[in-house]
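Undergrad: Below: one structure in structure tokens.
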Amino acid sequence: LNFSATTVDGKPFDAKTLAGKPAVLWFWAPWCPTCKGQAAETAKVAADNSGEVNVVGVAGLDKNAAMRDFVADTGTGSFPHLSDEKGEVWKRFEVTQQSHYVILDKTGKTVYEGVLPGGKGLADKVSGLIG
């Protein structure tokens, strides 16, 4: 959890704020139909587990304006999205394709990484980390 970035709305983000709770990092691209298909389930998991799990979108492979539009169009503005135009966070987690989830336990250790079509299974993976 030793990285910082800027959110799509221009605010500074320090990953150290994620410490102490499980976290879901959702790597997406604005033009990706698979990512759009995961948006509703990811937002639902974020809302259902608010205060217990951190959910962070990590947008890449496009410009910030397109990233902001994606967040607005998909209704996922209830959790932060990082604008990773240069791919620095993607590289840090060795993500090579969009739509990819990296799930961290409360100590910051990766406990899952991969694709979850439509976000299916995300809620179960998250509920296993709470408590």
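To be explicit about the labels: the chains of the structure tokens are called A, B, and onward in the order shown, and within each one the residues are counted from 1, while ligands get numbers from 1 in the order they are shown.
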Check the DSSP output for the backbone and give back, as a PyMOL selection string, the residues of range 44-92 of chain A in strand (DSSP E).

TA: chain A and resi 54-59+81-83

Undergrad: Dump C-alpha atoms for the selected residues as a PDB file, in the first residue's frame?

TA:
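Result file is selection34.pdb:
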ATOM      1  CA  ASN A  54     -12.326  -0.169   0.610  1.00  0.00           C
ATOM      2  CA  VAL A  55     -13.253  -0.299  -3.065  1.00  0.00           C
ATOM      3  CA  VAL A  56     -11.081   1.701  -5.455  1.00  0.00           C
ATOM      4  CA  GLY A  57     -11.362   1.887  -9.227  1.00  0.00           C
ATOM      5  CA  VAL A  58      -8.072   2.184 -11.087  1.00  0.00           C
ATOM      6  CA  ALA A  59      -8.775   3.631 -14.521  1.00  0.00           C
ATOM      7  CA  HIS A  81     -11.373   6.071  -8.955  1.00  0.00           C
ATOM      8  CA  LEU A  82      -7.706   6.703  -9.682  1.00  0.00           C
ATOM      9  CA  SER A  83      -6.663   8.280 -12.957  1.00  0.00           C
TER      10      SER A  83
END

Undergrad: For Tyr101 in chain A, work out the shell of residues within 9 Å, counting only C-alpha atoms and skipping chain neighbours fewer than 6 positions away, then give it as a list in words.

TA: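 Final neighbour list, sorted by chain and number: Val24, Leu25, Trp26, Phe27, Trp28, Val95, Tyr112, Glu113, Gly114, Val115, Leu116 and Leu122 of chain A.
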
Undergrad: Closest to Lys106 in chain A among A:Lys86, A:Lys36, A:Lys16, A:Lys21, using only C-alpha atoms?

TA: A:Lys21

Undergrad: If we count only C-alpha atoms, what is near Pro30 in chain A at a cut-off of 10 Å, once residues fewer than 6 positions away on the same chain are taken out, given as a list in words?

TA: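 Using only C-alpha atoms, the neighbours found are Lys36, Ala59, Gly60, Leu61, Asp62, Lys63, Asn64, Ala65, Ala66, Met67, Arg68, Asp69, Phe70, Val71, Asp73 and Gln98 of chain A.
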
Undergrad: Out of range 1-128 of chain A, which residues get alpha helix (DSSP H) from DSSP, as a PyMOL selection string?

TA: chain A and resi 33-48+64-74+88-92+122-127

Undergrad: Can you work out the spacing between CA of Gly20 in chain A and CA of Asp105 in chain A in Å, to one decimal?

TA: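 Separating CA of Gly20 in chain A from CA of Asp105 in chain A is a distance of 8.4 Å.
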
Undergrad: Pick from A:Thr6, A:Gly119, A:Ala29, A:Leu18: nearest to Thr96 in chain A, with only C-alpha atoms counted?

TA: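 Of A:Thr6, A:Gly119, A:Ala29, A:Leu18, the one nearest Thr96 in chain A, counting only C-alpha atoms, is A:Ala29.
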
Undergrad: For CA of Glu52 in chain A and CA of Gly87 in chain A, determine how far apart the two atoms are, in Å to one decimal place.

TA: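 Pair CA of Glu52 in chain A / CA of Gly87 in chain A returns 27.6 Å.
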